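Everything below concerns the one structure shown next.
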Amino acid sequence: MHTNKLEKPISDLTFAEKSLLFAELSMIAYSAEKIAYRQTRPLGFSTIEYYDKDGAQAYRIQNNTDIVIACRGTEPGEFNDIKADLKAMPVIAETISRVHKGFKSEVDELWPDILEDLKDKKNKGKKIWFCGHSLGAAMATIMASRCHLYPEIDPVQELYTYGSPRVGWPTYVKSLCVTHHRWVNNNDIVTTVPLAIMGYNHHGEKHYLNAWGNVRSPSGWQLFKDKMRGMWKGIKQGKIDSFSDHSINLYVEYLANYRNGKENEQI
């Protein structure tokens, strides 16, 4: 882990520190329960609960001041995850407009148990955060969007996602009452699906990692050149850049450099 033990509430961290912390928690969400417990303790979290129902999975990770819901992303060997990704049919959302059927189905499996824990009076006053990678990013987005429907739950502080697919139709996306920081690593292919032509939009403020893993805000011709550069780098390394860029490990590595003020050498 690149994150030091939390000595203060998450809300007191810098944006770079939060971006790295939530990337690491999104990575930990892929771990087995016992391993996840050992991984979160050094970060300063005292409680962890694993939600697992019909292949949909997430963790509640908390301490005295904060609760983080970290949703697990797509695992290639899990048929339920792959099936959820493929169910791209838009269906009526819990809030407004339409959302991706597969992503909503995953959330529906876990939401009753997560909602019950968020409503628990023992958690009153703790700040709530959501994060996730890939399918987990989509799940975290939908969950965070539902919280404002329950006045007994404290407002969600922020949502951090990594390699997130598009989740819903424009009206749905515009209705989301949560601050969302959406990280995209260069040619990460998952961030391009479902296709915009199908009516799907992204939500949140986009933060871009370029072909060197550095935080940049290119647009137009600069963005095109950077994506081509990333593809060429991948070819030289024997990789398909669109797929390798989706790795949560790369997000963590690059965001650790960002937090530490170090950039990868551009050669």
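If you're wondering about the labels, chains in the structure tokens are A, B, ... by order shown, residues count from 1 in each chain, ligands from 1 in order shown.
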
Contacts of A:Lys104 within 8 Å, only C-alpha atoms, excl. fewer than 6 positions in-chain, as a list in words: Ala93, Met139 and Ile142 of chain A

Keeping only N, CA and C atoms, take the residues you just selected and write them out as a PDB file, in the first residue's frame.
```
ATOM      1  N   ALA A  93     -34.684   3.689 -13.599  1.00  0.00           N
ATOM      2  CA  ALA A  93     -33.850   3.797 -12.411  1.00  0.00           C
ATOM      3  C   ALA A  93     -34.702   4.013 -11.163  1.00  0.00           C
ATOM      4  N   MET A 139     -21.395   0.480  -9.993  1.00  0.00           N
ATOM      5  CA  MET A 139     -22.205   0.159  -8.816  1.00  0.00           C
ATOM      6  C   MET A 139     -22.132   1.275  -7.779  1.00  0.00           C
ATOM      7  N   ILE A 142     -24.269   4.290  -8.779  1.00  0.00           N
ATOM      8  CA  ILE A 142     -25.706   4.086  -8.585  1.00  0.00           C
ATOM      9  C   ILE A 142     -26.056   4.135  -7.103  1.00  0.00           C
TER      10      ILE A 142
END
```

What are the DSSP strand (DSSP E) residues of stretch 68-182 of chain A, as a list in words?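 Those in stretch 68-182 of chain A that DSSP calls strand (DSSP E) are Val68, Ile69, Ala70, Cys71, Pro90, Val91, Ile92, Arg98, Val99, His100, Lys127, Ile128, Trp129, Phe130, Cys131, Gly132, His133, Val156, Gln157, Glu158, Leu159, Tyr160, Thr161, Tyr162, His180, His181 and Arg182 of chain A.
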
Go ahead and save the residues from that selection, with C-alpha atoms, as a PDB file, in the first residue's frame.
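The resulting file, again-v6.pdb, is reproduced below:
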```pdb
ATOM      1  CA  VAL A  68     -16.348   3.928   2.795  1.00  0.00           C
ATOM      2  CA  ILE A  69     -18.407   1.666   0.544  1.00  0.00           C
ATOM      3  CA  ALA A  70     -15.962   0.078  -1.908  1.00  0.00           C
ATOM      4  CA  CYS A  71     -17.617  -1.933  -4.682  1.00  0.00           C
ATOM      5  CA  PRO A  90     -31.550   0.633 -20.214  1.00  0.00           C
ATOM      6  CA  VAL A  91     -34.201   0.183 -17.514  1.00  0.00           C
ATOM      7  CA  ILE A  92     -36.109   2.559 -15.234  1.00  0.00           C
ATOM      8  CA  ARG A  98     -32.975   5.060 -17.239  1.00  0.00           C
ATOM      9  CA  VAL A  99     -29.866   3.218 -16.107  1.00  0.00           C
ATOM     10  CA  HIS A 100     -27.834   0.203 -17.304  1.00  0.00           C
ATOM     11  CA  LYS A 127     -18.941  10.860   6.743  1.00  0.00           C
ATOM     12  CA  ILE A 128     -19.958   8.558   3.864  1.00  0.00           C
ATOM     13  CA  TRP A 129     -17.826   7.938   0.779  1.00  0.00           C
ATOM     14  CA  PHE A 130     -18.178   5.612  -2.227  1.00  0.00           C
ATOM     15  CA  CYS A 131     -15.535   4.222  -4.561  1.00  0.00           C
ATOM     16  CA  GLY A 132     -14.979   1.461  -7.103  1.00  0.00           C
ATOM     17  CA  HIS A 133     -13.205   0.293 -10.224  1.00  0.00           C
ATOM     18  CA  VAL A 156     -22.579  11.424   0.716  1.00  0.00           C
ATOM     19  CA  GLN A 157     -19.317  13.360   0.812  1.00  0.00           C
ATOM     20  CA  GLU A 158     -17.790  12.305  -2.499  1.00  0.00           C
ATOM     21  CA  LEU A 159     -17.617   9.470  -5.023  1.00  0.00           C
ATOM     22  CA  TYR A 160     -14.310   8.344  -6.570  1.00  0.00           C
ATOM     23  CA  THR A 161     -14.291   5.982  -9.539  1.00  0.00           C
ATOM     24  CA  TYR A 162     -11.576   4.422 -11.677  1.00  0.00           C
ATOM     25  CA  HIS A 180     -18.010  12.556  -8.413  1.00  0.00           C
ATOM     26  CA  HIS A 181     -14.325  12.416  -9.323  1.00  0.00           C
ATOM     27  CA  ARG A 182     -13.939  10.049 -12.289  1.00  0.00           C
TER      28      ARG A 182
END
```

With only C-alpha atoms as the counted atoms, please give the residues lying no more than 10 Å from stretch 185-202 of chain A, apart from itself and same-chain residues fewer than 6 positions off, as a ChimeraX atom specification. /A:85-90,98-100,134-135,162-174,208-215,223,226-231,240-248,250-251,254

Go ahead and dump the residues you just picked, N, CA and C atoms, as a compact mmCIF listing (two decimals), in the first residue's frame.
```txt
# COMPACT_ATOMS: atom_id res chain seq x y z
N ASP A 85 -22.08 -6.94 -17.03
CA ASP A 85 -21.50 -6.00 -17.99
C ASP A 85 -22.23 -6.05 -19.33
N LEU A 86 -22.69 -7.24 -19.71
CA LEU A 86 -23.30 -7.42 -21.02
C LEU A 86 -24.76 -6.97 -21.07
N LYS A 87 -25.41 -6.87 -19.91
CA LYS A 87 -26.82 -6.45 -19.88
C LYS A 87 -26.91 -4.94 -20.04
N ALA A 88 -26.69 -4.48 -21.25
CA ALA A 88 -26.64 -3.04 -21.49
C ALA A 88 -27.99 -2.41 -21.76
N MET A 89 -29.06 -3.18 -21.65
CA MET A 89 -30.39 -2.62 -21.89
C MET A 89 -30.72 -1.57 -20.82
N PRO A 90 -31.17 -0.38 -21.20
CA PRO A 90 -31.55 0.63 -20.21
C PRO A 90 -32.89 0.31 -19.57
N ARG A 98 -33.37 6.46 -17.03
CA ARG A 98 -32.98 5.06 -17.24
C ARG A 98 -31.48 4.84 -16.96
N VAL A 99 -31.21 3.60 -16.51
CA VAL A 99 -29.87 3.22 -16.11
C VAL A 99 -29.56 1.84 -16.69
N HIS A 100 -28.29 1.49 -16.77
CA HIS A 100 -27.83 0.20 -17.30
C HIS A 100 -28.42 -0.95 -16.48
N SER A 134 -14.11 -0.17 -12.45
CA SER A 134 -14.77 -0.98 -13.48
C SER A 134 -16.26 -1.15 -13.14
N LEU A 135 -16.76 -2.37 -13.12
CA LEU A 135 -18.14 -2.63 -12.70
C LEU A 135 -18.40 -2.04 -11.32
N TYR A 162 -12.76 4.69 -10.88
CA TYR A 162 -11.58 4.42 -11.68
C TYR A 162 -11.96 3.47 -12.80
N GLY A 163 -11.72 3.91 -14.05
CA GLY A 163 -12.09 3.07 -15.18
C GLY A 163 -13.57 2.78 -15.25
N SER A 164 -14.39 3.78 -15.01
CA SER A 164 -15.84 3.57 -14.96
C SER A 164 -16.47 3.54 -16.34
N PRO A 165 -17.38 2.60 -16.57
CA PRO A 165 -18.19 2.65 -17.80
C PRO A 165 -19.26 3.73 -17.67
N ARG A 166 -19.92 4.02 -18.77
CA ARG A 166 -21.08 4.91 -18.71
C ARG A 166 -22.21 4.19 -17.99
N VAL A 167 -22.98 4.91 -17.18
CA VAL A 167 -23.96 4.25 -16.31
C VAL A 167 -25.40 4.45 -16.74
N GLY A 168 -25.76 5.66 -17.21
CA GLY A 168 -27.17 5.90 -17.49
C GLY A 168 -27.40 6.94 -18.57
N TRP A 169 -28.67 7.21 -18.81
CA TRP A 169 -29.07 8.19 -19.81
C TRP A 169 -28.82 9.62 -19.29
N PRO A 170 -28.80 10.61 -20.18
CA PRO A 170 -28.46 11.98 -19.77
C PRO A 170 -29.28 12.52 -18.60
N THR A 171 -30.59 12.31 -18.60
CA THR A 171 -31.42 12.84 -17.52
C THR A 171 -31.06 12.18 -16.20
N TYR A 172 -30.77 10.89 -16.23
CA TYR A 172 -30.34 10.19 -15.02
C TYR A 172 -29.02 10.77 -14.51
N VAL A 173 -28.07 10.93 -15.40
CA VAL A 173 -26.75 11.43 -15.03
C VAL A 173 -26.86 12.83 -14.43
N LYS A 174 -27.68 13.69 -15.05
CA LYS A 174 -27.83 15.06 -14.55
C LYS A 174 -28.49 15.11 -13.17
N TYR A 208 -7.78 12.94 -16.00
CA TYR A 208 -7.14 12.11 -17.02
C TYR A 208 -5.68 11.82 -16.71
N LEU A 209 -5.29 10.55 -16.84
CA LEU A 209 -3.90 10.12 -16.73
C LEU A 209 -3.39 9.86 -18.15
N ASN A 210 -2.33 10.55 -18.55
CA ASN A 210 -1.89 10.44 -19.93
C ASN A 210 -1.05 9.19 -20.18
N ALA A 211 -0.49 9.08 -21.36
CA ALA A 211 0.24 7.88 -21.75
C ALA A 211 1.43 7.59 -20.85
N TRP A 212 1.91 8.61 -20.13
CA TRP A 212 3.04 8.44 -19.22
C TRP A 212 2.57 8.23 -17.78
N GLY A 213 1.26 8.27 -17.57
CA GLY A 213 0.74 8.10 -16.22
C GLY A 213 0.71 9.39 -15.43
N ASN A 214 0.82 10.52 -16.11
CA ASN A 214 0.80 11.82 -15.45
C ASN A 214 -0.57 12.47 -15.57
N VAL A 215 -0.94 13.27 -14.58
CA VAL A 215 -2.24 13.94 -14.57
C VAL A 215 -2.18 15.14 -15.51
N LEU A 223 -5.28 15.44 -27.08
CA LEU A 223 -5.81 14.20 -26.53
C LEU A 223 -5.66 13.07 -27.54
N ASP A 226 -2.08 11.96 -27.63
CA ASP A 226 -1.70 11.22 -26.42
C ASP A 226 -2.23 9.78 -26.47
N LYS A 227 -3.44 9.61 -26.97
CA LYS A 227 -4.00 8.26 -27.07
C LYS A 227 -3.23 7.43 -28.09
N MET A 228 -2.84 8.03 -29.20
CA MET A 228 -2.03 7.32 -30.19
C MET A 228 -0.66 6.95 -29.61
N ARG A 229 -0.11 7.86 -28.82
CA ARG A 229 1.18 7.60 -28.17
C ARG A 229 1.06 6.41 -27.22
N GLY A 230 -0.05 6.36 -26.49
CA GLY A 230 -0.26 5.24 -25.57
C GLY A 230 -0.40 3.92 -26.30
N MET A 231 -1.10 3.94 -27.41
CA MET A 231 -1.27 2.71 -28.20
C MET A 231 0.08 2.23 -28.75
N ILE A 240 -1.88 -4.80 -25.42
CA ILE A 240 -3.00 -4.08 -26.03
C ILE A 240 -3.37 -2.97 -25.07
N ASP A 241 -3.00 -1.75 -25.41
CA ASP A 241 -3.09 -0.63 -24.48
C ASP A 241 -4.50 -0.41 -23.94
N SER A 242 -5.50 -0.62 -24.76
CA SER A 242 -6.88 -0.38 -24.34
C SER A 242 -7.28 -1.26 -23.17
N PHE A 243 -6.70 -2.46 -23.11
CA PHE A 243 -7.03 -3.38 -22.02
C PHE A 243 -6.08 -3.23 -20.84
N SER A 244 -4.79 -3.09 -21.12
CA SER A 244 -3.83 -2.96 -20.01
C SER A 244 -4.05 -1.68 -19.22
N ASP A 245 -4.52 -0.62 -19.87
CA ASP A 245 -4.78 0.64 -19.18
C ASP A 245 -5.92 0.55 -18.17
N HIS A 246 -6.70 -0.53 -18.24
CA HIS A 246 -7.83 -0.67 -17.32
C HIS A 246 -7.41 -1.22 -15.96
N SER A 247 -6.19 -1.69 -15.83
CA SER A 247 -5.73 -2.30 -14.59
C SER A 247 -5.81 -1.34 -13.41
N ILE A 248 -6.44 -1.77 -12.32
CA ILE A 248 -6.51 -0.94 -11.12
C ILE A 248 -5.12 -0.73 -10.54
N LEU A 250 -2.42 -0.06 -12.19
CA LEU A 250 -1.84 1.12 -12.82
C LEU A 250 -2.41 2.41 -12.25
N TYR A 251 -3.72 2.42 -12.01
CA TYR A 251 -4.33 3.60 -11.39
C TYR A 251 -3.65 3.90 -10.06
N TYR A 254 0.08 5.17 -10.64
CA TYR A 254 0.16 6.53 -11.16
C TYR A 254 -0.31 7.56 -10.13
```

Apply DSSP to the backbone of this structure and, from stretch 9-250 of chain A, keep only the residues in helix (DSSP H, G or I); write these as a compact mmCIF listing (two decimals) with N, CA and C atoms, in the first residue's frame.
```txt
# COMPACT_ATOMS: atom_id res chain seq x y z
N ILE A 10 -10.91 11.63 6.54
CA ILE A 10 -10.67 11.65 5.10
C ILE A 10 -10.92 13.03 4.52
N SER A 11 -11.90 13.73 5.05
CA SER A 11 -12.24 15.06 4.51
C SER A 11 -11.10 16.06 4.66
N ASP A 12 -10.15 15.78 5.54
CA ASP A 12 -9.00 16.67 5.74
C ASP A 12 -7.83 16.35 4.81
N PHE A 15 -6.78 16.46 -2.30
CA PHE A 15 -7.42 15.73 -3.39
C PHE A 15 -6.54 14.59 -3.87
N ALA A 16 -5.23 14.81 -3.98
CA ALA A 16 -4.32 13.75 -4.42
C ALA A 16 -4.30 12.61 -3.42
N GLU A 17 -4.33 12.92 -2.14
CA GLU A 17 -4.33 11.88 -1.10
C GLU A 17 -5.61 11.07 -1.14
N LYS A 18 -6.74 11.74 -1.31
CA LYS A 18 -8.01 11.02 -1.39
C LYS A 18 -8.07 10.16 -2.65
N SER A 19 -7.59 10.69 -3.76
CA SER A 19 -7.62 9.93 -5.01
C SER A 19 -6.83 8.63 -4.88
N LEU A 20 -5.68 8.68 -4.23
CA LEU A 20 -4.88 7.48 -4.03
C LEU A 20 -5.55 6.54 -3.03
N LEU A 21 -6.03 7.08 -1.92
CA LEU A 21 -6.67 6.23 -0.90
C LEU A 21 -7.83 5.44 -1.50
N PHE A 22 -8.69 6.10 -2.24
CA PHE A 22 -9.87 5.41 -2.78
C PHE A 22 -9.49 4.46 -3.91
N ALA A 23 -8.41 4.74 -4.62
CA ALA A 23 -7.92 3.78 -5.62
C ALA A 23 -7.44 2.52 -4.92
N GLU A 24 -6.74 2.69 -3.81
CA GLU A 24 -6.27 1.53 -3.05
C GLU A 24 -7.42 0.73 -2.45
N LEU A 25 -8.44 1.43 -1.95
CA LEU A 25 -9.60 0.72 -1.40
C LEU A 25 -10.38 0.02 -2.51
N SER A 26 -10.41 0.61 -3.70
CA SER A 26 -11.06 -0.04 -4.85
C SER A 26 -10.29 -1.30 -5.23
N MET A 27 -8.97 -1.27 -5.10
CA MET A 27 -8.16 -2.45 -5.37
C MET A 27 -8.36 -3.51 -4.30
N ILE A 28 -8.42 -3.08 -3.03
CA ILE A 28 -8.65 -4.00 -1.93
C ILE A 28 -10.00 -4.70 -2.07
N GLU A 33 -12.03 -11.69 2.02
CA GLU A 33 -12.36 -10.95 3.24
C GLU A 33 -11.21 -10.87 4.23
N LYS A 34 -10.57 -11.99 4.53
CA LYS A 34 -9.48 -11.99 5.51
C LYS A 34 -8.31 -11.14 5.04
N ILE A 35 -8.02 -11.22 3.75
CA ILE A 35 -6.92 -10.44 3.20
C ILE A 35 -7.27 -8.96 3.22
N ALA A 36 -8.51 -8.63 2.86
CA ALA A 36 -8.95 -7.23 2.86
C ALA A 36 -8.85 -6.63 4.26
N TYR A 37 -9.18 -7.43 5.27
CA TYR A 37 -9.09 -6.95 6.66
C TYR A 37 -7.64 -6.61 6.99
N ARG A 38 -6.71 -7.47 6.60
CA ARG A 38 -5.29 -7.22 6.89
C ARG A 38 -4.77 -6.02 6.10
N GLN A 39 -5.34 -5.78 4.92
CA GLN A 39 -4.89 -4.67 4.09
C GLN A 39 -5.41 -3.32 4.56
N THR A 40 -6.61 -3.30 5.14
CA THR A 40 -7.20 -2.03 5.56
C THR A 40 -6.75 -1.58 6.95
N ARG A 41 -6.35 -2.51 7.80
CA ARG A 41 -5.92 -2.15 9.16
C ARG A 41 -4.76 -1.16 9.16
N PRO A 42 -3.70 -1.41 8.35
CA PRO A 42 -2.58 -0.45 8.35
C PRO A 42 -2.96 0.93 7.84
N LEU A 43 -4.08 1.03 7.13
CA LEU A 43 -4.52 2.32 6.62
C LEU A 43 -5.30 3.12 7.66
N PHE A 79 -18.87 -15.42 -13.84
CA PHE A 79 -19.88 -15.30 -14.89
C PHE A 79 -20.88 -14.22 -14.56
N ASN A 80 -21.24 -14.07 -13.28
CA ASN A 80 -22.24 -13.08 -12.91
C ASN A 80 -21.76 -11.67 -13.24
N ASP A 81 -20.46 -11.40 -13.03
CA ASP A 81 -19.91 -10.08 -13.34
C ASP A 81 -19.94 -9.81 -14.84
N ILE A 82 -19.54 -10.81 -15.61
CA ILE A 82 -19.52 -10.67 -17.06
C ILE A 82 -20.94 -10.47 -17.59
N LYS A 83 -21.87 -11.23 -17.02
CA LYS A 83 -23.27 -11.12 -17.42
C LYS A 83 -23.80 -9.71 -17.12
N ALA A 84 -23.40 -9.15 -15.98
CA ALA A 84 -23.85 -7.81 -15.61
C ALA A 84 -23.33 -6.78 -16.61
N ASP A 85 -22.08 -6.94 -17.03
CA ASP A 85 -21.50 -6.00 -17.99
C ASP A 85 -22.23 -6.05 -19.33
N LEU A 86 -22.69 -7.24 -19.71
CA LEU A 86 -23.30 -7.42 -21.02
C LEU A 86 -24.76 -6.97 -21.07
N LYS A 101 -29.10 -1.88 -17.13
CA LYS A 101 -29.80 -2.95 -16.45
C LYS A 101 -28.86 -3.83 -15.62
N GLY A 102 -27.72 -4.22 -16.21
CA GLY A 102 -26.80 -5.10 -15.50
C GLY A 102 -26.22 -4.47 -14.26
N PHE A 103 -25.83 -3.19 -14.34
CA PHE A 103 -25.27 -2.50 -13.19
C PHE A 103 -26.31 -2.34 -12.09
N LYS A 104 -27.53 -1.99 -12.49
CA LYS A 104 -28.61 -1.82 -11.51
C LYS A 104 -28.91 -3.14 -10.82
N SER A 105 -28.88 -4.24 -11.55
CA SER A 105 -29.18 -5.55 -10.96
C SER A 105 -28.16 -5.90 -9.89
N GLU A 106 -26.89 -5.59 -10.14
CA GLU A 106 -25.85 -5.85 -9.14
C GLU A 106 -26.10 -5.04 -7.87
N VAL A 107 -26.44 -3.77 -8.04
CA VAL A 107 -26.71 -2.91 -6.89
C VAL A 107 -27.92 -3.40 -6.12
N ASP A 108 -28.98 -3.79 -6.83
CA ASP A 108 -30.21 -4.24 -6.17
C ASP A 108 -29.96 -5.43 -5.25
N GLU A 109 -28.98 -6.27 -5.58
CA GLU A 109 -28.67 -7.42 -4.75
C GLU A 109 -28.15 -7.00 -3.37
N LEU A 110 -27.31 -5.96 -3.36
CA LEU A 110 -26.62 -5.57 -2.13
C LEU A 110 -27.26 -4.42 -1.38
N TRP A 111 -28.05 -3.62 -2.08
CA TRP A 111 -28.53 -2.36 -1.52
C TRP A 111 -29.30 -2.51 -0.20
N PRO A 112 -30.20 -3.47 -0.03
CA PRO A 112 -30.93 -3.56 1.25
C PRO A 112 -30.00 -3.70 2.45
N ASP A 113 -28.95 -4.51 2.35
CA ASP A 113 -28.03 -4.70 3.47
C ASP A 113 -27.16 -3.47 3.70
N ILE A 114 -26.70 -2.85 2.62
CA ILE A 114 -25.88 -1.64 2.75
C ILE A 114 -26.71 -0.50 3.32
N LEU A 115 -27.94 -0.36 2.83
CA LEU A 115 -28.82 0.69 3.32
C LEU A 115 -29.09 0.53 4.82
N GLU A 116 -29.31 -0.69 5.25
CA GLU A 116 -29.56 -0.94 6.67
C GLU A 116 -28.38 -0.50 7.52
N ASP A 117 -27.16 -0.77 7.06
CA ASP A 117 -25.97 -0.39 7.82
C ASP A 117 -25.75 1.12 7.81
N LEU A 118 -26.04 1.76 6.69
CA LEU A 118 -25.88 3.21 6.63
C LEU A 118 -26.90 3.91 7.53
N LYS A 119 -28.06 3.29 7.71
CA LYS A 119 -29.10 3.86 8.58
C LYS A 119 -28.84 3.61 10.05
N LYS A 121 -27.95 3.75 13.68
CA LYS A 121 -27.73 4.93 14.52
C LYS A 121 -26.29 5.02 15.01
N LYS A 122 -25.62 3.89 15.12
CA LYS A 122 -24.22 3.90 15.58
C LYS A 122 -23.32 4.61 14.56
N ASN A 123 -23.78 4.68 13.32
CA ASN A 123 -22.98 5.32 12.28
C ASN A 123 -23.36 6.77 12.03
N LEU A 135 -16.76 -2.37 -13.12
CA LEU A 135 -18.14 -2.63 -12.70
C LEU A 135 -18.40 -2.04 -11.32
N GLY A 136 -17.41 -2.12 -10.44
CA GLY A 136 -17.55 -1.54 -9.10
C GLY A 136 -17.74 -0.04 -9.14
N ALA A 137 -17.15 0.63 -10.13
CA ALA A 137 -17.33 2.07 -10.28
C ALA A 137 -18.78 2.38 -10.63
N ALA A 138 -19.34 1.61 -11.55
CA ALA A 138 -20.75 1.81 -11.93
C ALA A 138 -21.67 1.55 -10.74
N MET A 139 -21.40 0.48 -9.99
CA MET A 139 -22.20 0.16 -8.82
C MET A 139 -22.13 1.28 -7.78
N ALA A 140 -20.91 1.78 -7.53
CA ALA A 140 -20.74 2.84 -6.54
C ALA A 140 -21.49 4.10 -6.96
N THR A 141 -21.51 4.39 -8.26
CA THR A 141 -22.21 5.57 -8.76
C THR A 141 -23.71 5.45 -8.50
N ILE A 142 -24.27 4.29 -8.78
CA ILE A 142 -25.71 4.09 -8.59
C ILE A 142 -26.06 4.13 -7.10
N MET A 143 -25.24 3.49 -6.28
CA MET A 143 -25.50 3.50 -4.83
C MET A 143 -25.44 4.92 -4.27
N ALA A 144 -24.40 5.66 -4.65
CA ALA A 144 -24.26 7.02 -4.14
C ALA A 144 -25.44 7.88 -4.57
N SER A 145 -25.96 7.63 -5.77
CA SER A 145 -27.08 8.43 -6.27
C SER A 145 -28.37 8.16 -5.52
N ARG A 146 -28.47 6.99 -4.88
CA ARG A 146 -29.70 6.64 -4.16
C ARG A 146 -29.76 7.22 -2.74
N CYS A 147 -28.60 7.53 -2.19
CA CYS A 147 -28.56 7.88 -0.77
C CYS A 147 -29.40 9.11 -0.41
N HIS A 148 -29.49 10.07 -1.35
CA HIS A 148 -30.25 11.28 -1.02
C HIS A 148 -31.74 11.02 -0.90
N LEU A 149 -32.19 9.83 -1.29
CA LEU A 149 -33.60 9.47 -1.14
C LEU A 149 -33.97 9.17 0.31
N PRO A 170 -28.80 10.61 -20.18
CA PRO A 170 -28.46 11.98 -19.77
C PRO A 170 -29.28 12.52 -18.60
N THR A 171 -30.59 12.31 -18.60
CA THR A 171 -31.42 12.84 -17.52
C THR A 171 -31.06 12.18 -16.20
N TYR A 172 -30.77 10.89 -16.23
CA TYR A 172 -30.34 10.19 -15.02
C TYR A 172 -29.02 10.77 -14.51
N VAL A 173 -28.07 10.93 -15.40
CA VAL A 173 -26.75 11.43 -15.03
C VAL A 173 -26.86 12.83 -14.43
N LYS A 174 -27.68 13.69 -15.05
CA LYS A 174 -27.83 15.06 -14.55
C LYS A 174 -28.49 15.11 -13.17
N SER A 175 -29.23 14.06 -12.82
CA SER A 175 -29.96 14.05 -11.55
C SER A 175 -29.11 13.61 -10.37
N ILE A 189 -10.33 1.01 -22.14
CA ILE A 189 -11.46 0.73 -23.03
C ILE A 189 -12.81 0.71 -22.31
N VAL A 190 -12.80 0.37 -21.03
CA VAL A 190 -14.07 0.26 -20.30
C VAL A 190 -14.75 1.62 -20.17
N THR A 191 -13.97 2.69 -20.20
CA THR A 191 -14.56 4.03 -20.09
C THR A 191 -15.30 4.45 -21.35
N THR A 192 -15.22 3.64 -22.41
CA THR A 192 -15.88 3.96 -23.68
C THR A 192 -17.18 3.19 -23.87
N ALA A 196 -21.98 5.75 -26.47
CA ALA A 196 -22.80 6.96 -26.36
C ALA A 196 -23.98 6.92 -27.32
N ILE A 197 -23.80 6.25 -28.46
CA ILE A 197 -24.87 6.15 -29.45
C ILE A 197 -26.08 5.40 -28.90
N MET A 198 -25.87 4.61 -27.82
CA MET A 198 -26.96 3.89 -27.16
C MET A 198 -27.70 4.77 -26.17
N TRP A 221 -6.81 17.86 -30.39
CA TRP A 221 -5.68 17.23 -31.06
C TRP A 221 -4.66 16.68 -30.05
N GLN A 222 -4.46 17.37 -28.93
CA GLN A 222 -3.53 16.90 -27.91
C GLN A 222 -3.98 15.56 -27.33
N LEU A 223 -5.28 15.44 -27.08
CA LEU A 223 -5.81 14.20 -26.53
C LEU A 223 -5.66 13.07 -27.54
N PHE A 224 -5.96 13.34 -28.79
CA PHE A 224 -5.81 12.32 -29.84
C PHE A 224 -4.36 11.84 -29.93
N LYS A 225 -3.41 12.79 -29.93
CA LYS A 225 -2.00 12.42 -30.01
C LYS A 225 -1.58 11.59 -28.80
N ASP A 226 -2.08 11.96 -27.63
CA ASP A 226 -1.70 11.22 -26.42
C ASP A 226 -2.23 9.78 -26.47
N LYS A 227 -3.44 9.61 -26.97
CA LYS A 227 -4.00 8.26 -27.07
C LYS A 227 -3.23 7.43 -28.09
N MET A 228 -2.84 8.03 -29.20
CA MET A 228 -2.03 7.32 -30.19
C MET A 228 -0.66 6.95 -29.61
N ARG A 229 -0.11 7.86 -28.82
CA ARG A 229 1.18 7.60 -28.17
C ARG A 229 1.06 6.41 -27.22
N GLY A 230 -0.05 6.36 -26.49
CA GLY A 230 -0.26 5.24 -25.57
C GLY A 230 -0.40 3.92 -26.30
N MET A 231 -1.10 3.94 -27.41
CA MET A 231 -1.27 2.71 -28.20
C MET A 231 0.08 2.23 -28.75
N TRP A 232 0.91 3.17 -29.22
CA TRP A 232 2.22 2.80 -29.76
C TRP A 232 3.14 2.25 -28.66
N LYS A 233 3.08 2.86 -27.48
CA LYS A 233 3.86 2.35 -26.35
C LYS A 233 3.44 0.92 -26.01
N GLY A 234 2.13 0.67 -26.04
CA GLY A 234 1.63 -0.66 -25.75
C GLY A 234 2.12 -1.69 -26.76
N ILE A 235 2.09 -1.32 -28.03
CA ILE A 235 2.56 -2.22 -29.09
C ILE A 235 4.02 -2.59 -28.88
N LYS A 236 4.84 -1.59 -28.53
CA LYS A 236 6.26 -1.83 -28.31
C LYS A 236 6.51 -2.75 -27.11
N ASP A 241 -3.00 -1.75 -25.41
CA ASP A 241 -3.09 -0.63 -24.48
C ASP A 241 -4.50 -0.41 -23.94
N SER A 242 -5.50 -0.62 -24.76
CA SER A 242 -6.88 -0.38 -24.34
C SER A 242 -7.28 -1.26 -23.17
N PHE A 243 -6.70 -2.46 -23.11
CA PHE A 243 -7.03 -3.38 -22.02
C PHE A 243 -6.08 -3.23 -20.84
N SER A 244 -4.79 -3.09 -21.12
CA SER A 244 -3.83 -2.96 -20.01
C SER A 244 -4.05 -1.68 -19.22
N ILE A 248 -6.44 -1.77 -12.32
CA ILE A 248 -6.51 -0.94 -11.12
C ILE A 248 -5.12 -0.73 -10.54
N ASN A 249 -4.21 -1.68 -10.79
CA ASN A 249 -2.85 -1.54 -10.28
C ASN A 249 -2.15 -0.32 -10.89
N LEU A 250 -2.42 -0.06 -12.19
CA LEU A 250 -1.84 1.12 -12.82
C LEU A 250 -2.41 2.41 -12.25
```

With only C-alpha atoms as the counted atoms, please give the residues lying no more than 10 Å from A:Pro9, apart from itself and same-chain residues fewer than 2 positions off, as a ChimeraX atom specification. /A:6-7,11-13,63-66,126-127

Which of these residues is nearest to A:Val252, using only C-alpha atoms: A:Val184, A:Val178, A:Met1, A:Ala32?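 With only C-alpha atoms as the atom set, the closest residue is A:Met1.
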
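One finds atom CA of A:Gln62 at 13.0 Å from atom CA of A:Lys8.
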